[in-house]
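Below is coords01.cif, holding mmCIF, C-alpha atoms.
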data_structure
#
loop_
_atom_site.label_atom_id
_atom_site.label_comp_id
_atom_site.auth_asym_id
_atom_site.auth_seq_id
_atom_site.Cartn_x
_atom_site.Cartn_y
_atom_site.Cartn_z
CA MET A 1 -22.65 11.13 -12.05
CA VAL A 2 -25.07 8.61 -10.58
CA PRO A 3 -24.84 5.23 -12.31
CA SER A 4 -28.06 3.45 -13.22
CA GLN A 5 -29.20 0.22 -11.61
CA GLU A 6 -28.23 -1.58 -14.80
CA ALA A 7 -24.74 -0.06 -14.68
CA ILE A 8 -24.27 -1.13 -11.07
CA LEU A 9 -25.47 -4.64 -11.82
CA ALA A 10 -23.00 -4.79 -14.68
CA ILE A 11 -20.21 -3.81 -12.28
CA ILE A 12 -21.22 -6.52 -9.80
CA PHE A 13 -21.51 -9.15 -12.52
CA GLN A 14 -18.08 -8.16 -13.82
CA ALA A 15 -16.66 -8.65 -10.32
CA LEU A 16 -18.28 -12.09 -10.19
CA THR A 17 -16.94 -12.85 -13.66
CA ASN A 18 -13.45 -11.94 -12.47
CA LEU A 19 -13.95 -14.31 -9.57
CA ASN A 20 -15.22 -17.11 -11.82
CA LEU A 21 -12.06 -16.84 -13.89
CA GLU A 22 -10.18 -17.99 -10.79
CA ARG A 23 -12.55 -20.88 -10.02
CA ASP A 24 -12.96 -24.26 -11.61
CA ALA A 25 -15.97 -25.17 -13.72
CA SER A 26 -17.78 -26.91 -10.87
CA SER A 27 -17.73 -23.89 -8.56
CA GLN A 28 -18.77 -21.06 -10.86
CA VAL A 29 -20.88 -18.37 -9.20
CA PRO A 30 -24.12 -17.68 -11.13
CA LEU A 31 -24.52 -14.19 -12.56
CA ASP A 32 -27.98 -13.64 -11.16
CA VAL A 33 -29.55 -10.97 -8.95
CA ASP A 34 -30.55 -13.65 -6.46
CA THR A 35 -27.06 -15.07 -6.13
CA ALA A 36 -26.16 -15.21 -2.45
CA LEU A 37 -22.89 -13.48 -1.59
CA PHE A 38 -22.81 -13.96 2.16
CA GLY A 39 -24.30 -16.46 4.59
CA GLY A 40 -25.10 -20.15 4.49
CA ALA A 41 -26.48 -20.10 0.95
CA SER A 42 -23.41 -18.42 -0.49
CA ALA A 43 -20.81 -20.27 -2.51
CA LEU A 44 -18.24 -17.58 -1.68
CA ASP A 45 -15.69 -17.98 1.06
CA SER A 46 -14.50 -14.90 2.93
CA LEU A 47 -11.58 -14.25 0.56
CA ALA A 48 -13.84 -14.49 -2.48
CA LEU A 49 -16.35 -12.10 -0.92
CA VAL A 50 -13.58 -9.63 -0.09
CA SER A 51 -12.35 -9.84 -3.67
CA VAL A 52 -15.82 -9.10 -5.05
CA ILE A 53 -16.41 -6.19 -2.67
CA SER A 54 -12.98 -4.78 -3.51
CA ASP A 55 -13.62 -4.97 -7.26
CA VAL A 56 -17.09 -3.42 -6.95
CA GLU A 57 -15.84 -0.64 -4.67
CA MET A 58 -13.06 0.27 -7.08
CA ALA A 59 -15.27 0.17 -10.17
CA VAL A 60 -18.06 2.20 -8.56
CA SER A 61 -15.57 4.80 -7.33
CA ASP A 62 -14.15 5.09 -10.83
CA ALA A 63 -17.66 5.33 -12.29
CA VAL A 64 -18.84 8.13 -10.01
CA GLY A 65 -15.48 9.90 -9.95
CA GLU A 66 -15.05 9.91 -6.20
CA PRO A 67 -14.09 7.37 -3.55
CA ILE A 68 -16.96 5.18 -2.36
CA SER A 69 -16.61 2.88 0.64
CA LEU A 70 -18.84 -0.17 0.78
CA THR A 71 -17.57 -1.39 4.13
CA ASP A 72 -17.80 1.56 6.48
CA ASP A 73 -20.04 1.87 9.53
CA GLN A 74 -23.05 2.68 7.38
CA ALA A 75 -22.84 -0.69 5.66
CA LEU A 76 -22.57 -2.52 8.95
CA SER A 77 -25.57 -0.71 10.40
CA GLN A 78 -28.00 -1.71 7.64
CA GLN A 79 -30.91 -3.89 8.79
CA VAL A 80 -30.23 -6.28 5.94
CA SER A 81 -26.55 -6.75 5.15
CA PRO A 82 -25.73 -5.21 1.76
CA PHE A 83 -23.65 -8.27 1.07
CA THR A 84 -26.49 -10.78 1.40
CA SER A 85 -27.02 -11.08 -2.35
CA VAL A 86 -26.34 -9.39 -5.64
CA ARG A 87 -29.72 -7.70 -5.32
CA THR A 88 -29.03 -6.21 -1.87
CA LEU A 89 -25.54 -5.12 -2.89
CA CYS A 90 -26.91 -3.40 -5.98
CA ALA A 91 -29.57 -1.64 -3.93
CA TYR A 92 -27.01 -0.48 -1.38
CA VAL A 93 -24.64 0.88 -4.03
CA LEU A 94 -27.55 2.67 -5.67
CA GLN A 95 -28.51 4.18 -2.30
CA LEU A 96 -24.94 5.29 -1.62
CA THR A 97 -24.46 6.90 -5.00
CA HIS A 98 -27.78 8.74 -4.74
CA GLU A 99 -26.84 10.03 -1.29
CA ARG A 100 -23.57 11.36 -2.72
CA ALA A 101 -25.28 13.07 -5.66
CA MET B 1 22.99 -5.28 -11.91
CA PRO B 2 22.12 -6.18 -15.50
CA GLY B 3 20.32 -3.71 -17.79
CA GLU B 4 16.65 -2.90 -17.60
CA VAL B 5 15.48 -5.58 -15.19
CA TYR B 6 12.46 -3.47 -14.29
CA SER B 7 11.34 -2.91 -17.87
CA GLY B 8 7.56 -3.25 -18.07
CA ARG B 9 7.18 -2.91 -14.32
CA VAL B 10 5.20 -0.08 -12.74
CA ALA B 11 6.45 0.93 -9.31
CA LEU B 12 4.91 3.32 -6.82
CA ILE B 13 7.17 5.06 -4.31
CA THR B 14 5.79 7.19 -1.51
CA GLY B 15 7.92 10.07 -0.37
CA SER B 16 9.66 9.96 -3.72
CA SER B 17 10.81 13.57 -3.82
CA ARG B 18 13.94 13.26 -1.72
CA GLY B 19 16.06 11.08 0.50
CA VAL B 20 15.69 7.32 0.34
CA GLY B 21 12.49 7.57 -1.71
CA ARG B 22 14.24 9.54 -4.43
CA LEU B 23 17.19 7.18 -4.32
CA ILE B 24 14.95 4.17 -4.92
CA SER B 25 12.90 5.99 -7.52
CA GLU B 26 15.95 6.96 -9.56
CA HIS B 27 17.32 3.44 -9.27
CA LEU B 28 14.14 1.88 -10.61
CA LEU B 29 13.96 4.45 -13.41
CA LEU B 30 17.56 3.73 -14.35
CA HIS B 31 16.74 0.06 -14.70
CA GLY B 32 13.64 0.45 -16.82
CA ALA B 33 10.65 0.81 -14.49
CA THR B 34 7.86 3.30 -14.84
CA VAL B 35 7.76 5.08 -11.49
CA LEU B 36 4.75 6.70 -9.90
CA GLY B 37 5.79 9.05 -7.14
CA PHE B 38 3.52 10.09 -4.30
CA GLY B 39 4.51 13.24 -2.47
CA ARG B 40 2.94 16.12 -0.58
CA GLY B 41 4.68 18.66 -2.76
CA GLU B 42 5.32 18.99 -6.44
CA ALA B 43 7.78 16.81 -8.33
CA THR B 44 11.42 17.58 -7.65
CA TYR B 45 12.72 15.86 -10.78
CA GLN B 46 11.60 14.90 -14.24
CA HIS B 47 11.96 11.70 -16.24
CA GLU B 48 10.08 10.35 -19.22
CA ARG B 49 8.95 7.37 -17.15
CA TYR B 50 8.30 9.28 -13.92
CA ARG B 51 4.78 10.40 -13.07
CA HIS B 52 4.22 12.42 -9.93
CA PHE B 53 1.00 12.39 -7.93
CA GLN B 54 0.61 15.09 -5.33
CA ALA B 55 -0.99 13.44 -2.32
CA ASP B 56 -0.58 13.47 1.43
CA ILE B 57 -0.80 9.80 2.37
CA ALA B 58 -1.87 10.79 5.88
CA ASP B 59 -5.20 11.85 4.37
CA PRO B 60 -7.32 8.80 3.37
CA ASN B 61 -9.31 10.78 0.85
CA GLN B 62 -6.19 12.05 -0.88
CA VAL B 63 -4.87 8.50 -1.12
CA LEU B 64 -8.12 7.28 -2.68
CA GLN B 65 -8.20 10.20 -5.12
CA ALA B 66 -4.59 9.59 -6.08
CA PHE B 67 -5.26 5.92 -6.75
CA MET B 68 -8.27 6.80 -8.88
CA ALA B 69 -5.91 8.95 -10.95
CA VAL B 70 -3.38 6.12 -11.06
CA ARG B 71 -6.01 3.68 -12.33
CA ARG B 72 -7.03 6.06 -15.09
CA GLU B 73 -3.48 6.00 -16.47
CA PHE B 74 -2.04 2.68 -15.38
CA PRO B 75 -3.97 -0.58 -15.58
CA ALA B 76 -1.31 -2.44 -13.62
CA LEU B 77 0.90 -1.85 -10.62
CA HIS B 78 3.69 -4.24 -9.69
CA ILE B 79 5.86 -2.74 -6.96
CA VAL B 80 5.10 -0.47 -4.03
CA VAL B 81 7.68 1.01 -1.69
CA ASN B 82 6.14 2.51 1.42
CA ASN B 83 8.89 4.97 2.16
CA ALA B 84 7.19 8.22 3.19
CA ALA B 85 7.68 9.02 6.85
CA VAL B 86 7.79 11.92 9.22
CA LEU B 87 9.94 12.09 12.31
CA THR B 88 9.74 14.16 15.44
CA SER B 89 12.41 13.06 17.85
CA GLN B 90 11.44 14.19 21.32
CA TYR B 91 11.26 12.87 24.85
CA ALA B 92 7.86 11.31 25.44
CA LEU B 93 7.20 13.58 28.40
CA ILE B 94 7.13 16.62 26.15
CA MET B 95 6.04 15.10 22.84
CA ALA B 96 3.10 17.08 21.47
CA ALA B 97 0.05 14.95 20.68
CA SER B 98 -0.15 16.56 17.25
CA ALA B 99 3.39 15.44 16.42
CA ALA B 100 2.68 11.92 17.68
CA LYS B 101 -0.53 11.72 15.67
CA SER B 102 1.20 13.02 12.56
CA MET B 103 3.68 10.14 12.76
CA VAL B 104 0.91 7.57 13.15
CA ASP B 105 -1.06 9.06 10.27
CA THR B 106 1.83 9.13 7.81
CA ASN B 107 4.13 6.33 8.92
CA LEU B 108 1.50 3.72 9.69
CA LEU B 109 -1.98 4.63 8.44
CA GLY B 110 -0.57 6.07 5.22
CA ALA B 111 1.38 2.91 4.49
CA PHE B 112 -1.73 0.84 5.26
CA LEU B 113 -3.90 2.83 2.87
CA VAL B 114 -1.36 2.77 0.06
CA SER B 115 -0.77 -0.97 0.49
CA ARG B 116 -4.50 -1.65 0.52
CA GLU B 117 -5.22 0.30 -2.64
CA ALA B 118 -2.12 -1.04 -4.37
CA ALA B 119 -3.08 -4.62 -3.59
CA LYS B 120 -6.41 -4.12 -5.34
CA LEU B 121 -4.51 -3.35 -8.54
CA MET B 122 -1.83 -5.99 -8.03
CA ARG B 123 -4.47 -8.65 -7.47
CA LYS B 124 -5.55 -8.36 -11.10
CA GLU B 125 -2.06 -9.30 -12.25
CA LYS B 126 -1.65 -12.01 -9.64
CA TRP B 127 1.75 -10.46 -8.95
CA GLY B 128 2.94 -7.77 -6.60
CA ARG B 129 5.76 -6.69 -4.36
CA ILE B 130 5.09 -4.44 -1.38
CA ILE B 131 8.18 -3.22 0.44
CA ASN B 132 7.93 -1.26 3.66
CA ILE B 133 10.81 0.95 4.67
CA SER B 134 11.40 0.63 8.39
CA SER B 135 14.23 1.69 10.63
CA MET B 136 16.87 0.37 12.94
CA ALA B 137 15.08 2.46 15.57
CA VAL B 138 12.75 -0.51 16.00
CA SER B 139 15.60 -2.61 17.28
CA LEU B 140 17.71 0.06 19.00
CA GLU B 141 14.73 1.75 20.69
CA PRO B 142 16.52 5.08 21.11
CA MET B 143 15.20 7.61 23.58
CA GLY B 144 13.16 10.27 21.79
CA ASP B 145 11.82 7.87 19.20
CA THR B 146 8.84 6.45 21.07
CA MET B 147 6.22 7.09 18.41
CA TYR B 148 8.53 6.88 15.40
CA ALA B 149 9.92 3.50 16.43
CA ALA B 150 6.48 2.24 17.46
CA CYS B 151 5.10 3.16 14.03
CA LYS B 152 8.00 1.47 12.28
CA ALA B 153 7.55 -1.65 14.43
CA GLY B 154 3.89 -1.52 13.47
CA LEU B 155 4.90 -1.60 9.82
CA THR B 156 6.50 -4.99 10.32
CA VAL B 157 3.42 -6.44 12.02
CA MET B 158 1.14 -4.87 9.43
CA GLY B 159 3.30 -6.21 6.63
CA ASN B 160 3.40 -9.70 8.08
CA ILE B 161 -0.37 -9.90 8.30
CA MET B 162 -0.84 -8.41 4.85
CA ALA B 163 1.61 -11.02 3.59
CA LYS B 164 -0.84 -13.70 4.71
CA GLU B 165 -3.90 -11.94 3.32
CA PHE B 166 -2.31 -11.07 -0.02
CA ALA B 167 -0.43 -14.34 -0.60
CA PRO B 168 -3.30 -15.89 -2.59
CA PHE B 169 -2.96 -13.00 -5.02
CA GLY B 170 0.76 -13.53 -5.65
CA ILE B 171 1.68 -10.45 -3.63
CA THR B 172 4.62 -10.52 -1.25
CA VAL B 173 5.07 -8.03 1.59
CA ASN B 174 8.47 -7.46 3.15
CA THR B 175 10.16 -4.84 5.28
CA LEU B 176 13.57 -3.27 5.00
CA ALA B 177 14.81 -1.69 8.21
CA ILE B 178 17.53 0.72 7.19
CA SER B 179 20.38 1.92 9.34
CA ALA B 180 21.70 5.47 9.36
CA ILE B 181 22.03 6.98 5.91
CA GLU B 182 22.63 10.62 5.08
CA THR B 183 19.15 12.10 4.56
CA ASP B 184 17.27 15.23 5.59
CA MET B 185 15.52 13.18 8.26
CA LEU B 186 18.75 11.94 9.77
CA ARG B 187 20.15 15.46 9.86
CA GLN B 188 17.44 16.30 12.40
CA LEU B 189 19.25 14.16 14.95
CA PRO B 190 22.29 15.33 16.93
CA GLN B 191 25.59 14.27 15.30
CA GLU B 192 26.81 12.63 18.48
CA THR B 193 23.66 10.50 18.63
CA ILE B 194 24.21 9.35 15.06
CA GLN B 195 27.84 8.48 15.74
CA GLU B 196 26.88 6.61 18.88
CA VAL B 197 24.33 4.55 16.97
CA ILE B 198 26.63 3.80 14.07
CA GLY B 199 29.48 2.91 16.41
CA GLY B 200 27.28 0.31 18.08
CA LEU B 201 26.51 -1.56 14.88
CA PRO B 202 28.25 -4.85 14.09
CA LEU B 203 29.18 -3.11 10.84
CA PRO B 204 30.02 0.34 12.23
CA ARG B 205 29.51 2.55 9.21
CA PRO B 206 26.58 4.48 7.73
CA ALA B 207 24.47 2.69 5.15
CA GLN B 208 25.41 3.40 1.55
CA PRO B 209 22.82 3.76 -1.20
CA GLU B 210 23.91 0.44 -2.69
CA ASP B 211 23.15 -1.31 0.60
CA ILE B 212 19.53 -0.21 0.38
CA LEU B 213 19.12 -0.76 -3.36
CA ASN B 214 20.53 -4.26 -3.07
CA VAL B 215 17.71 -5.26 -0.73
CA ILE B 216 15.08 -3.44 -2.77
CA ASP B 217 16.19 -5.44 -5.82
CA PHE B 218 16.07 -8.64 -3.80
CA PHE B 219 12.55 -8.10 -2.45
CA ALA B 220 11.26 -6.80 -5.80
CA SER B 221 12.72 -9.61 -7.85
CA GLY B 222 10.54 -12.11 -9.63
CA ARG B 223 12.79 -14.75 -8.09
CA SER B 224 11.66 -13.71 -4.59
CA SER B 225 8.15 -15.12 -4.87
CA TYR B 226 8.82 -17.35 -1.84
CA ILE B 227 10.13 -14.47 0.28
CA THR B 228 7.38 -12.78 2.26
CA ALA B 229 6.65 -11.50 5.78
CA GLN B 230 10.37 -10.89 6.29
CA THR B 231 12.13 -7.96 7.89
CA LEU B 232 15.72 -7.38 6.92
CA TYR B 233 17.86 -5.13 9.11
CA LEU B 234 20.85 -3.42 7.53
CA GLY B 235 24.14 -3.11 9.34
CA GLY B 236 23.76 -6.16 11.51
CA VAL B 237 21.09 -4.84 13.86
CA HIS B 238 18.51 -7.41 14.84
#
Target encoding structure tokens, full file:
Amino acid sequence: MVPSQEAILAIIFQALTNLNLERDASSQVPLDVDTALFGGASALDSLALVSVISDVEMAVSDAVGEPISLTDDQALSQQVSPFTSVRTLCAYVLQLTHERA
Amino acid sequence: MPGEVYSGRVALITGSSRGVGRLISEHLLLHGATVLGFGRGEATYQHERYRHFQADIADPNQVLQAFMAVRREFPALHIVVNNAAVLTSQYALIMAASAAKSMVDTNLLGAFLVSREAAKLMRKEKWGRIINISSMAVSLEPMGDTMYAACKAGLTVMGNIMAKEFAPFGITVNTLAISAIETDMLRQLPQETIQEVIGGLPLPRPAQPEDILNVIDFFASGRSSYITAQTLYLGGVH
């Protein structure tokens, strides 16, 4: 089953929500497609980013019913890092799940 | 030990069908845990709180599939014992590459994959105990055990680094290096070799099940939240 863009966004936002539960009120990560995940504009440190990727990877795998890796060589070879923002991550997951279908 | 100290805990044991894995599995079941067993073959015993998952941990895809099945049934995972191992004892000069690779794939990569996937589940609970089963071969460095001992030494290093990475999630990672105990794996070694090894220990006797279970209980305890990145050798080896 290929999840819709909306379903993937919901997964990513849930991962960010999980992260926000661990952060204080002043450092909440906005649930927005333009939220930066990686790079200078991101509010996430490396551990937070790893946590989000891990949650998304697990939830997407469960949704499609087969293991999906978001951090293999394919991810690293993308012109724009999939982890730049919520939007790029969503697009990359959508691409991966369509390739698998 | 008192009653059902593991009640409410979900524990995953690799190589749970026999030997040390079965010993630990039955111990945790006896004291109230729900035990998820990973093994290449089918379950070798039944219990109302035992759930067997057939998976070869040397195969990354099988590990991922098994964990997907685990997540469908169990929202939480508290304890992992990386016990599964294969052993080919052979002089390095004539060790087949396939046998060497098999040990790396199961004894090291398999433990890595299981720990990684387990930590993803443990992170949600902010609590976890990962226990790697190593061997006195790391310290004794016996001839014939080049790859086996190297893999087991790797477990300690791997565990120590995971201990740092997983600490923010309340997960501890420790290693138990066991001395000779009567198992199918040990029976592969010549009797005189076993006696020689045991005779050289500060405590010159084979390990008893209670010796192993005592340390498992210690590492798995809620009271051991400040114990991580440690390797404990049984029998006085160091």
### Query
So, counting only C-alpha atoms, which residue among B:His78, B:His238, B:Arg116, B:Arg223 is closest to B:Ile178?
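Result for the nearest residue to B:Ile178: B:His238.
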### Query
How many Å separate atom CA of A:Ala43 from atom CA of A:Gln28?
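Distance reported for this atom pair: 8.6 Å.
By chain and then residue number, the residues within 12 Å of B:Leu189 are Leu87, Thr88, Ser89, Gln90, Pro142, Met143, Gly144, Asp145, Ala180, Ile181, Glu182, Thr183, Asp184, Ile194, Gln195, Glu196 and Val197 of chain B, counting all atoms listed in the file and disregarding those fewer than 5 positions away in sequence.
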### Query
Taking the file as shown, what set of residues would the PyMOL selection byres ((chain B) within 8 of (chain A)) give back, as a ChimeraX atom specification?
/B:61,64-65,68,120
Take the residues that were just selected and, keeping C-alpha atoms, output them as a PDB file, in the coordinates of the input.
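Saved file selection25.pdb follows:
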ATOM      1  CA  ASN B  61      -9.310  10.780   0.850  1.00  0.00           C
ATOM      2  CA  LEU B  64      -8.120   7.280  -2.680  1.00  0.00           C
ATOM      3  CA  GLN B  65      -8.200  10.200  -5.120  1.00  0.00           C
ATOM      4  CA  MET B  68      -8.270   6.800  -8.880  1.00  0.00           C
ATOM      5  CA  LYS B 120      -6.410  -4.120  -5.340  1.00  0.00           C
TER       6      LYS B 120
END
#### Entry: Target residues per the PyMOL selection byres ((chain A and resi 82-85) around 8), formatted as a PyMOL selection string
chain A and resi 33-39+75+78+80-81+86-89+91-92
Save stretch 4-31 of chain A to disk from that block, N, CA and C atoms included, as a PDB file, in the first residue's frame.
ATOM      1  N   SER A   4      -0.683   8.130   1.144  1.00  0.00           N
ATOM      2  CA  SER A   4      -0.856   9.422   0.482  1.00  0.00           C
ATOM      3  C   SER A   4       0.103  10.448   1.080  1.00  0.00           C
ATOM      4  N   GLN A   5       0.219  11.569   0.376  1.00  0.00           N
ATOM      5  CA  GLN A   5       1.056  12.656   0.882  1.00  0.00           C
ATOM      6  C   GLN A   5       0.549  13.128   2.252  1.00  0.00           C
ATOM      7  N   GLU A   6      -0.762  13.158   2.382  1.00  0.00           N
ATOM      8  CA  GLU A   6      -1.356  13.602   3.649  1.00  0.00           C
ATOM      9  C   GLU A   6      -0.987  12.617   4.774  1.00  0.00           C
ATOM     10  N   ALA A   7      -1.017  11.326   4.436  1.00  0.00           N
ATOM     11  CA  ALA A   7      -0.692  10.317   5.449  1.00  0.00           C
ATOM     12  C   ALA A   7       0.773  10.426   5.878  1.00  0.00           C
ATOM     13  N   ILE A   8       1.634  10.688   4.917  1.00  0.00           N
ATOM     14  CA  ILE A   8       3.064  10.818   5.239  1.00  0.00           C
ATOM     15  C   ILE A   8       3.306  12.071   6.085  1.00  0.00           C
ATOM     16  N   LEU A   9       2.645  13.149   5.701  1.00  0.00           N
ATOM     17  CA  LEU A   9       2.780  14.374   6.504  1.00  0.00           C
ATOM     18  C   LEU A   9       2.309  14.138   7.938  1.00  0.00           C
ATOM     19  N   ALA A  10       1.227  13.391   8.056  1.00  0.00           N
ATOM     20  CA  ALA A  10       0.707  13.094   9.402  1.00  0.00           C
ATOM     21  C   ALA A  10       1.739  12.310  10.211  1.00  0.00           C
ATOM     22  N   ILE A  11       2.422  11.382   9.550  1.00  0.00           N
ATOM     23  CA  ILE A  11       3.469  10.600  10.234  1.00  0.00           C
ATOM     24  C   ILE A  11       4.607  11.518  10.698  1.00  0.00           C
ATOM     25  N   ILE A  12       5.020  12.428   9.807  1.00  0.00           N
ATOM     26  CA  ILE A  12       6.127  13.331  10.160  1.00  0.00           C
ATOM     27  C   ILE A  12       5.710  14.272  11.298  1.00  0.00           C
ATOM     28  N   PHE A  13       4.498  14.779  11.206  1.00  0.00           N
ATOM     29  CA  PHE A  13       4.031  15.677  12.273  1.00  0.00           C
ATOM     30  C   PHE A  13       3.900  14.936  13.603  1.00  0.00           C
ATOM     31  N   GLN A  14       3.523  13.661  13.531  1.00  0.00           N
ATOM     32  CA  GLN A  14       3.439  12.881  14.772  1.00  0.00           C
ATOM     33  C   GLN A  14       4.835  12.724  15.389  1.00  0.00           C
ATOM     34  N   ALA A  15       5.822  12.496  14.512  1.00  0.00           N
ATOM     35  CA  ALA A  15       7.200  12.364  15.010  1.00  0.00           C
ATOM     36  C   ALA A  15       7.652  13.668  15.669  1.00  0.00           C
ATOM     37  N   LEU A  16       7.283  14.801  15.050  1.00  0.00           N
ATOM     38  CA  LEU A  16       7.644  16.092  15.637  1.00  0.00           C
ATOM     39  C   LEU A  16       6.868  16.345  16.933  1.00  0.00           C
ATOM     40  N   THR A  17       5.635  15.861  16.966  1.00  0.00           N
ATOM     41  CA  THR A  17       4.841  15.988  18.197  1.00  0.00           C
ATOM     42  C   THR A  17       5.490  15.194  19.326  1.00  0.00           C
ATOM     43  N   ASN A  18       5.939  13.973  18.990  1.00  0.00           N
ATOM     44  CA  ASN A  18       6.647  13.160  19.994  1.00  0.00           C
ATOM     45  C   ASN A  18       7.871  13.915  20.518  1.00  0.00           C
ATOM     46  N   LEU A  19       8.567  14.546  19.594  1.00  0.00           N
ATOM     47  CA  LEU A  19       9.757  15.305  19.986  1.00  0.00           C
ATOM     48  C   LEU A  19       9.383  16.484  20.885  1.00  0.00           C
ATOM     49  N   ASN A  20       8.311  17.185  20.506  1.00  0.00           N
ATOM     50  CA  ASN A  20       7.889  18.356  21.291  1.00  0.00           C
ATOM     51  C   ASN A  20       7.511  17.992  22.717  1.00  0.00           C
ATOM     52  N   LEU A  21       7.022  16.764  22.885  1.00  0.00           N
ATOM     53  CA  LEU A  21       6.660  16.318  24.236  1.00  0.00           C
ATOM     54  C   LEU A  21       7.883  16.282  25.158  1.00  0.00           C
ATOM     55  N   GLU A  22       9.058  16.149  24.537  1.00  0.00           N
ATOM     56  CA  GLU A  22      10.288  16.066  25.316  1.00  0.00           C
ATOM     57  C   GLU A  22      10.970  17.430  25.467  1.00  0.00           C
ATOM     58  N   ARG A  23      10.383  18.457  24.848  1.00  0.00           N
ATOM     59  CA  ARG A  23      11.034  19.777  24.857  1.00  0.00           C
ATOM     60  C   ARG A  23      10.196  20.769  25.664  1.00  0.00           C
ATOM     61  N   ASP A  24      10.876  21.791  26.165  1.00  0.00           N
ATOM     62  CA  ASP A  24      10.122  22.781  26.933  1.00  0.00           C
ATOM     63  C   ASP A  24       9.365  23.722  25.992  1.00  0.00           C
ATOM     64  N   ALA A  25       8.503  24.516  26.582  1.00  0.00           N
ATOM     65  CA  ALA A  25       7.572  25.345  25.801  1.00  0.00           C
ATOM     66  C   ALA A  25       8.297  26.314  24.869  1.00  0.00           C
ATOM     67  N   SER A  26       9.471  26.741  25.269  1.00  0.00           N
ATOM     68  CA  SER A  26      10.180  27.748  24.461  1.00  0.00           C
ATOM     69  C   SER A  26      10.913  27.150  23.264  1.00  0.00           C
ATOM     70  N   SER A  27      11.003  25.844  23.192  1.00  0.00           N
ATOM     71  CA  SER A  27      11.752  25.235  22.082  1.00  0.00           C
ATOM     72  C   SER A  27      10.911  24.229  21.287  1.00  0.00           C
ATOM     73  N   GLN A  28       9.627  24.497  21.225  1.00  0.00           N
ATOM     74  CA  GLN A  28       8.739  23.626  20.449  1.00  0.00           C
ATOM     75  C   GLN A  28       9.036  23.780  18.945  1.00  0.00           C
ATOM     76  N   VAL A  29       8.993  22.663  18.244  1.00  0.00           N
ATOM     77  CA  VAL A  29       9.233  22.667  16.805  1.00  0.00           C
ATOM     78  C   VAL A  29       7.886  22.841  16.104  1.00  0.00           C
ATOM     79  N   PRO A  30       7.756  23.849  15.214  1.00  0.00           N
ATOM     80  CA  PRO A  30       6.465  24.074  14.557  1.00  0.00           C
ATOM     81  C   PRO A  30       6.067  22.910  13.646  1.00  0.00           C
ATOM     82  N   LEU A  31       4.797  22.563  13.660  1.00  0.00           N
ATOM     83  CA  LEU A  31       4.286  21.525  12.769  1.00  0.00           C
ATOM     84  C   LEU A  31       3.881  22.188  11.460  1.00  0.00           C
TER      85      LEU A  31
END
